[in-house]
Amino acid sequence: MPHYHKLGTIPHKRHTQFRKPDGSLYAEQLFSTEGFSNDYSILYHCHPPTQIIRTDAPVSVQPVIAEEKMLRHRSFEGFRLKPEQDYLQSRKPILVNHDCQVVLAAPGKGAMAYFFKNADADELIFIHEGKGELVTQYGKLPFGYGDYIHIPRGTIYQISFDTPENRLFIVESFSPIRYPKRYLSKYGQLLEHAPFCERDIRTPQDLLTIDEPGDFVIKTKKKGILYGLHYGHHPFDVVGWDGYCYPYILSIHDFEPITGRVHQPPPVHQTFEAANFVVCSFVPRLYDYHPQAIPAPYNHSNIDSDELLYYVDGDFMSRKNVTRGMLTLHPAGIPHGPHPGTVEKSIGKRETGELAVMVDTFHPLQLTTTALELENEGYVMSWAE
Ligand SMILES: [Fe+2]
């Protein structure tokens, strides 16, 4: 939930006459992801956003579940996923439940020949490798390595990459993604103890107003089906907007770590939350400074959440044989902890350069067929000495 922002030209009062130079009315649109009971934006279009001129046959993009239930530590090589040129085809769901879908993608190109709208889910796109620009009705958002791009569900977007090789870690959330409530004042300002603040949030800039008739397809995902909806005017025809509901970027490099004399628990790394899952950032930081401190984490029994860790860069002190783009899944129900030898090795270390994204889900994750193709066999036994 970002702060108030506006771009372009808007009328003094909402829901009043706002006319073009030729005297006709601009089309007002209220945009929110939770009816009329939460944050919203108001956009002013050159043409109503309702003018569908034709529709394509629906295409299923439903994840194919390979393992619905399991109780085993798992590990996957994310960078083993083959690149694909098309942005939407490159997106492969790996782990899913009713609250979220974890998707990996290695797109060669962006999506500039069509528009995309995820009507099911907020998207949190973490840029592991690549550089480019997200373009929406709200303006442009240039992005690069380490950016979390949050796109509220229903946002129409195009994405382009300046780089031929791109690696994305995407979380699709069926409920709105927000800053953790405990970071916020009762009026929504990020508090002093939060590991990031409003200055770290990058908002859309350079509003595009393209008043152009034609045939513009918005590929719209709803309940796992992709619908090609063709509109008679360019979707980016907004002259102005304001509000609290819009895409934005927070870089993981702007997340300020919270450290202590002894090991700090995972909630200090929390970055986002949604219904039934949280997202945490593990960033380079100084280790604990109690003279007897053990920097490696203690073993823990996560009986009510699956822990998914996506390794981005740097050395990981608690794990052996970690590669960039690797995922580990430690399911609820069995304890996990540092690999043999890593606890002693961590003692006396001053700092870590590790960079990782963690998704903790409060309901079990199911594995797709793609997850099995990327799996490292034998990980469950990797603690045995
Ligand atoms: Fe853990």
# chains A, B, ... in the order shown; residues from 1 in each chain; ligands from 1
>>> residues_around(residues="A:His73", least_positions_apart="4", cutoff="9 Å", atoms="only C-alpha atoms", output="list in words")
Thr328, Leu329, His330, Pro331, Ile334, His336, Tyr379, Val380 and Met381 of chain A
>>> write_last_selection(atoms="N, CA, C and O atoms", output="PDB file, in the first residue's frame")
ATOM      1  N   THR A 328      14.951 -23.514  -1.981  1.00  0.00           N
ATOM      2  CA  THR A 328      14.767 -24.622  -1.049  1.00  0.00           C
ATOM      3  C   THR A 328      13.385 -24.484  -0.432  1.00  0.00           C
ATOM      4  O   THR A 328      12.928 -23.375  -0.138  1.00  0.00           O
ATOM      5  N   LEU A 329      12.737 -25.622  -0.248  1.00  0.00           N
ATOM      6  CA  LEU A 329      11.402 -25.646   0.349  1.00  0.00           C
ATOM      7  C   LEU A 329      11.463 -26.535   1.581  1.00  0.00           C
ATOM      8  O   LEU A 329      11.747 -27.735   1.474  1.00  0.00           O
ATOM      9  N   HIS A 330      11.253 -25.912   2.739  1.00  0.00           N
ATOM     10  CA  HIS A 330      11.222 -26.641   3.994  1.00  0.00           C
ATOM     11  C   HIS A 330       9.778 -26.643   4.468  1.00  0.00           C
ATOM     12  O   HIS A 330       9.271 -25.625   4.952  1.00  0.00           O
ATOM     13  N   PRO A 331       9.088 -27.773   4.293  1.00  0.00           N
ATOM     14  CA  PRO A 331       7.646 -27.767   4.547  1.00  0.00           C
ATOM     15  C   PRO A 331       7.305 -27.784   6.037  1.00  0.00           C
ATOM     16  O   PRO A 331       8.086 -28.282   6.857  1.00  0.00           O
ATOM     17  N   ILE A 334       8.156 -30.628   9.719  1.00  0.00           N
ATOM     18  CA  ILE A 334       9.441 -31.215  10.121  1.00  0.00           C
ATOM     19  C   ILE A 334      10.429 -30.077  10.361  1.00  0.00           C
ATOM     20  O   ILE A 334      10.460 -29.117   9.605  1.00  0.00           O
ATOM     21  N   HIS A 336      13.877 -27.879  10.566  1.00  0.00           N
ATOM     22  CA  HIS A 336      15.073 -27.755   9.725  1.00  0.00           C
ATOM     23  C   HIS A 336      16.042 -26.799  10.411  1.00  0.00           C
ATOM     24  O   HIS A 336      15.695 -26.102  11.362  1.00  0.00           O
ATOM     25  N   TYR A 379      18.045 -33.957  -1.589  1.00  0.00           N
ATOM     26  CA  TYR A 379      18.239 -32.831  -0.670  1.00  0.00           C
ATOM     27  C   TYR A 379      17.774 -33.161   0.746  1.00  0.00           C
ATOM     28  O   TYR A 379      18.379 -32.717   1.724  1.00  0.00           O
ATOM     29  N   VAL A 380      16.709 -33.974   0.847  1.00  0.00           N
ATOM     30  CA  VAL A 380      16.142 -34.285   2.167  1.00  0.00           C
ATOM     31  C   VAL A 380      17.187 -34.955   3.078  1.00  0.00           C
ATOM     32  O   VAL A 380      17.137 -34.817   4.306  1.00  0.00           O
ATOM     33  N   MET A 381      18.169 -35.634   2.491  1.00  0.00           N
ATOM     34  CA  MET A 381      19.184 -36.324   3.295  1.00  0.00           C
ATOM     35  C   MET A 381      20.441 -35.475   3.497  1.00  0.00           C
ATOM     36  O   MET A 381      21.451 -35.973   4.029  1.00  0.00           O
TER      37      MET A 381
END
>>> residues_near_ligand(ligand="ligand 1", cutoff="9 Å", atoms="only C-alpha atoms and all ligand atoms", output="CSV table (one decimal) with C-alpha atoms, in the first residue's frame")
chain,number,residue,atom,x,y,z
A,266,PRO,CA,13.0,-14.1,10.5
A,297,PRO,CA,20.3,-19.7,12.7
A,298,TYR,CA,19.0,-22.2,15.3
A,299,ASN,CA,17.1,-25.3,14.3
A,300,HIS,CA,13.4,-24.5,14.2
A,301,SER,CA,10.1,-26.3,13.9
A,302,ASN,CA,7.9,-24.4,11.5
A,306,ASP,CA,6.1,-23.8,4.5
A,307,GLU,CA,9.4,-21.9,4.1
A,308,LEU,CA,10.6,-21.2,0.6
A,309,LEU,CA,13.9,-19.5,0.1
A,330,HIS,CA,11.2,-26.6,4.0
A,335,PRO,CA,12.2,-29.1,11.7
A,336,HIS,CA,15.1,-27.8,9.7
A,337,GLY,CA,18.3,-25.9,10.5
A,338,PRO,CA,21.9,-25.2,9.5
>>> closest_residue(among="A:Glu133, A:Asp313, A:Glu385, A:Glu377", to="A:Leu355", atoms="only C-alpha atoms")
A:Asp313
>>> closest_residue(among="A:Glu344, A:Ile210, A:Gln189, A:Ile94", to="A:Ala66", atoms="only C-alpha atoms")
A:Ile94
>>> select_by_dssp(residues="stretch 214-266 of chain A", states="strand (DSSP E)", output="list in words")
Gly214, Asp215, Phe216, Val217, Ile218, Lys219, Thr220, Lys221, Lys222, Ile225, Leu226, Tyr227, Gly228, Leu229, His230, Tyr231, Gly232, His233, Val238, Val239, Gly240, Trp241, Asp242, Gly243, Tyr248, Ile249, Leu250 and Ser251 of chain A
>>> residues_around(residues="stretch 15-28 of chain A", least_positions_apart="5", cutoff="9 Å", atoms="only C-alpha atoms", output="list of chain:residue names")
A:Ile10, A:Ile42, A:Leu43, A:Tyr44, A:His45, A:Cys46, A:His47, A:Pro48, A:Pro49, A:Val239
>>> residues_around(residues="A:Pro284", least_positions_apart="6", cutoff="7 Å", atoms="only C-alpha atoms", output="ChimeraX atom specification")
/A:352-355
>>> closest_atom_pairs(of="stretch 195-282 of chain A", to="stretch 165-181 of chain A", cutoff="7 Å", atoms="only C-alpha atoms", output="Markdown table")
| residue | atom | partner | partner_atom | distance |
| --- | --- | --- | --- | --- |
| A:Thr271 | CA | A:Tyr179 | CA | 6.5 |
| A:Phe272 | CA | A:Tyr179 | CA | 4.7 |
| A:Glu273 | CA | A:Arg178 | CA | 5.4 |
| A:Ala274 | CA | A:Ile177 | CA | 4.7 |
| A:Ala275 | CA | A:Ser175 | CA | 5.9 |
>>> write_last_selection(atoms="all heavy atoms", output="PDB file, in the first residue's frame")
ATOM      1  N   THR A 271       9.213  -8.018   4.551  1.00  0.00           N
ATOM      2  CA  THR A 271       9.148  -6.908   3.602  1.00  0.00           C
ATOM      3  C   THR A 271       7.709  -6.644   3.158  1.00  0.00           C
ATOM      4  O   THR A 271       7.279  -5.505   3.056  1.00  0.00           O
ATOM      5  CB  THR A 271      10.032  -7.217   2.373  1.00  0.00           C
ATOM      6  OG1 THR A 271      11.280  -7.728   2.833  1.00  0.00           O
ATOM      7  CG2 THR A 271      10.278  -5.975   1.536  1.00  0.00           C
ATOM      8  N   PHE A 272       6.974  -7.726   2.862  1.00  0.00           N
ATOM      9  CA  PHE A 272       5.577  -7.600   2.421  1.00  0.00           C
ATOM     10  C   PHE A 272       4.742  -8.651   3.144  1.00  0.00           C
ATOM     11  O   PHE A 272       5.272  -9.652   3.650  1.00  0.00           O
ATOM     12  CB  PHE A 272       5.452  -7.845   0.910  1.00  0.00           C
ATOM     13  CG  PHE A 272       6.235  -6.882   0.062  1.00  0.00           C
ATOM     14  CD1 PHE A 272       7.433  -7.266  -0.525  1.00  0.00           C
ATOM     15  CD2 PHE A 272       5.775  -5.592  -0.159  1.00  0.00           C
ATOM     16  CE1 PHE A 272       8.159  -6.378  -1.313  1.00  0.00           C
ATOM     17  CE2 PHE A 272       6.488  -4.697  -0.950  1.00  0.00           C
ATOM     18  CZ  PHE A 272       7.682  -5.094  -1.524  1.00  0.00           C
ATOM     19  N   GLU A 273       3.428  -8.430   3.140  1.00  0.00           N
ATOM     20  CA  GLU A 273       2.519  -9.465   3.619  1.00  0.00           C
ATOM     21  C   GLU A 273       1.260  -9.477   2.765  1.00  0.00           C
ATOM     22  O   GLU A 273       0.918  -8.488   2.110  1.00  0.00           O
ATOM     23  CB  GLU A 273       2.162  -9.263   5.094  1.00  0.00           C
ATOM     24  CG  GLU A 273       1.300  -8.050   5.390  1.00  0.00           C
ATOM     25  CD  GLU A 273       1.076  -7.841   6.896  1.00  0.00           C
ATOM     26  OE1 GLU A 273       1.766  -8.480   7.719  1.00  0.00           O
ATOM     27  OE2 GLU A 273       0.210  -7.017   7.223  1.00  0.00           O
ATOM     28  N   ALA A 274       0.587 -10.628   2.769  1.00  0.00           N
ATOM     29  CA  ALA A 274      -0.700 -10.775   2.091  1.00  0.00           C
ATOM     30  C   ALA A 274      -1.466 -11.805   2.908  1.00  0.00           C
ATOM     31  O   ALA A 274      -0.972 -12.276   3.936  1.00  0.00           O
ATOM     32  CB  ALA A 274      -0.487 -11.232   0.654  1.00  0.00           C
ATOM     33  N   ALA A 275      -2.663 -12.167   2.478  1.00  0.00           N
ATOM     34  CA  ALA A 275      -3.422 -13.157   3.238  1.00  0.00           C
ATOM     35  C   ALA A 275      -2.696 -14.501   3.171  1.00  0.00           C
ATOM     36  O   ALA A 275      -2.476 -15.045   2.092  1.00  0.00           O
ATOM     37  CB  ALA A 275      -4.836 -13.287   2.669  1.00  0.00           C
TER      38      ALA A 275
END
>>> closest_atom_pairs(of="stretch 13-107 of chain A", to="stretch 230-234 of chain A", cutoff="8 Å", atoms="only C-alpha atoms", output="Markdown table")
| residue | atom | partner | partner_atom | distance |
| --- | --- | --- | --- | --- |
| A:His47 | CA | A:His233 | CA | 7.2 |
| A:Thr50 | CA | A:Tyr231 | CA | 7.8 |
| A:Gln51 | CA | A:Tyr231 | CA | 5.6 |
| A:Ile52 | CA | A:Tyr231 | CA | 4.4 |
| A:Ile53 | CA | A:Tyr231 | CA | 5.4 |
| A:Arg54 | CA | A:His230 | CA | 5.2 |
| A:Thr55 | CA | A:His230 | CA | 5.8 |
| A:Asp56 | CA | A:His230 | CA | 8.0 |
>>> write_last_selection(atoms="N, CA, C and O atoms", output="mmCIF file, in the first residue's frame")
data_model
loop_
_atom_site.group_PDB
_atom_site.id
_atom_site.type_symbol
_atom_site.label_atom_id
_atom_site.label_comp_id
_atom_site.auth_asym_id
_atom_site.auth_seq_id
_atom_site.Cartn_x
_atom_site.Cartn_y
_atom_site.Cartn_z
ATOM 1 N N HIS A 47 -10.933 7.829 -23.632
ATOM 2 C CA HIS A 47 -12.065 7.012 -24.089
ATOM 3 C C HIS A 47 -12.454 6.049 -22.971
ATOM 4 O O HIS A 47 -11.584 5.620 -22.198
ATOM 5 N N THR A 50 -14.047 0.532 -21.631
ATOM 6 C CA THR A 50 -15.043 -0.544 -21.707
ATOM 7 C C THR A 50 -15.299 -1.014 -23.132
ATOM 8 O O THR A 50 -16.102 -1.924 -23.343
ATOM 9 N N GLN A 51 -14.601 -0.408 -24.121
ATOM 10 C CA GLN A 51 -15.000 -0.623 -25.517
ATOM 11 C C GLN A 51 -14.323 -1.843 -26.149
ATOM 12 O O GLN A 51 -13.397 -1.721 -26.950
ATOM 13 N N ILE A 52 -14.840 -3.022 -25.816
ATOM 14 C CA ILE A 52 -14.328 -4.271 -26.411
ATOM 15 C C ILE A 52 -14.883 -4.397 -27.828
ATOM 16 O O ILE A 52 -16.081 -4.223 -28.048
ATOM 17 N N ILE A 53 -13.992 -4.695 -28.788
ATOM 18 C CA ILE A 53 -14.452 -4.818 -30.179
ATOM 19 C C ILE A 53 -14.474 -6.279 -30.654
ATOM 20 O O ILE A 53 -15.175 -6.623 -31.582
ATOM 21 N N ARG A 54 -13.676 -7.151 -30.046
ATOM 22 C CA ARG A 54 -13.765 -8.586 -30.332
ATOM 23 C C ARG A 54 -13.013 -9.358 -29.261
ATOM 24 O O ARG A 54 -12.263 -8.768 -28.477
ATOM 25 N N THR A 55 -13.229 -10.686 -29.254
ATOM 26 C CA THR A 55 -12.584 -11.516 -28.227
ATOM 27 C C THR A 55 -11.967 -12.755 -28.880
ATOM 28 O O THR A 55 -12.488 -13.263 -29.874
ATOM 29 N N ASP A 56 -10.861 -13.229 -28.318
ATOM 30 C CA ASP A 56 -10.204 -14.457 -28.805
ATOM 31 C C ASP A 56 -10.702 -15.665 -28.016
ATOM 32 O O ASP A 56 -11.285 -15.507 -26.936
#
>>> atom_distance(atom1="atom CA of A:Ser318", atom2="atom CA of A:His150")
29.4 Å
>>> closest_residue(among="A:Asp304, A:Gln62, A:Ala371, A:Phe126", to="A:Ile225", atoms="only C-alpha atoms")
A:Gln62
>>> closest_residue(among="A:Leu190, A:Val262, A:Val322, A:Ile303", to="A:His290", atoms="only C-alpha atoms")
A:Val262
>>> closest_residue(among="A:Pro340, A:Gly325, A:Pro247, A:Pro295", to="A:Pro204", atoms="only C-alpha atoms")
A:Pro247
>>> select_by_dssp(residues="stretch 35-229 of chain A", states="helix (DSSP H, G or I)", output="NGL selection string")
:A and (78-80 or 87-90 or 181-183 or 198-200)
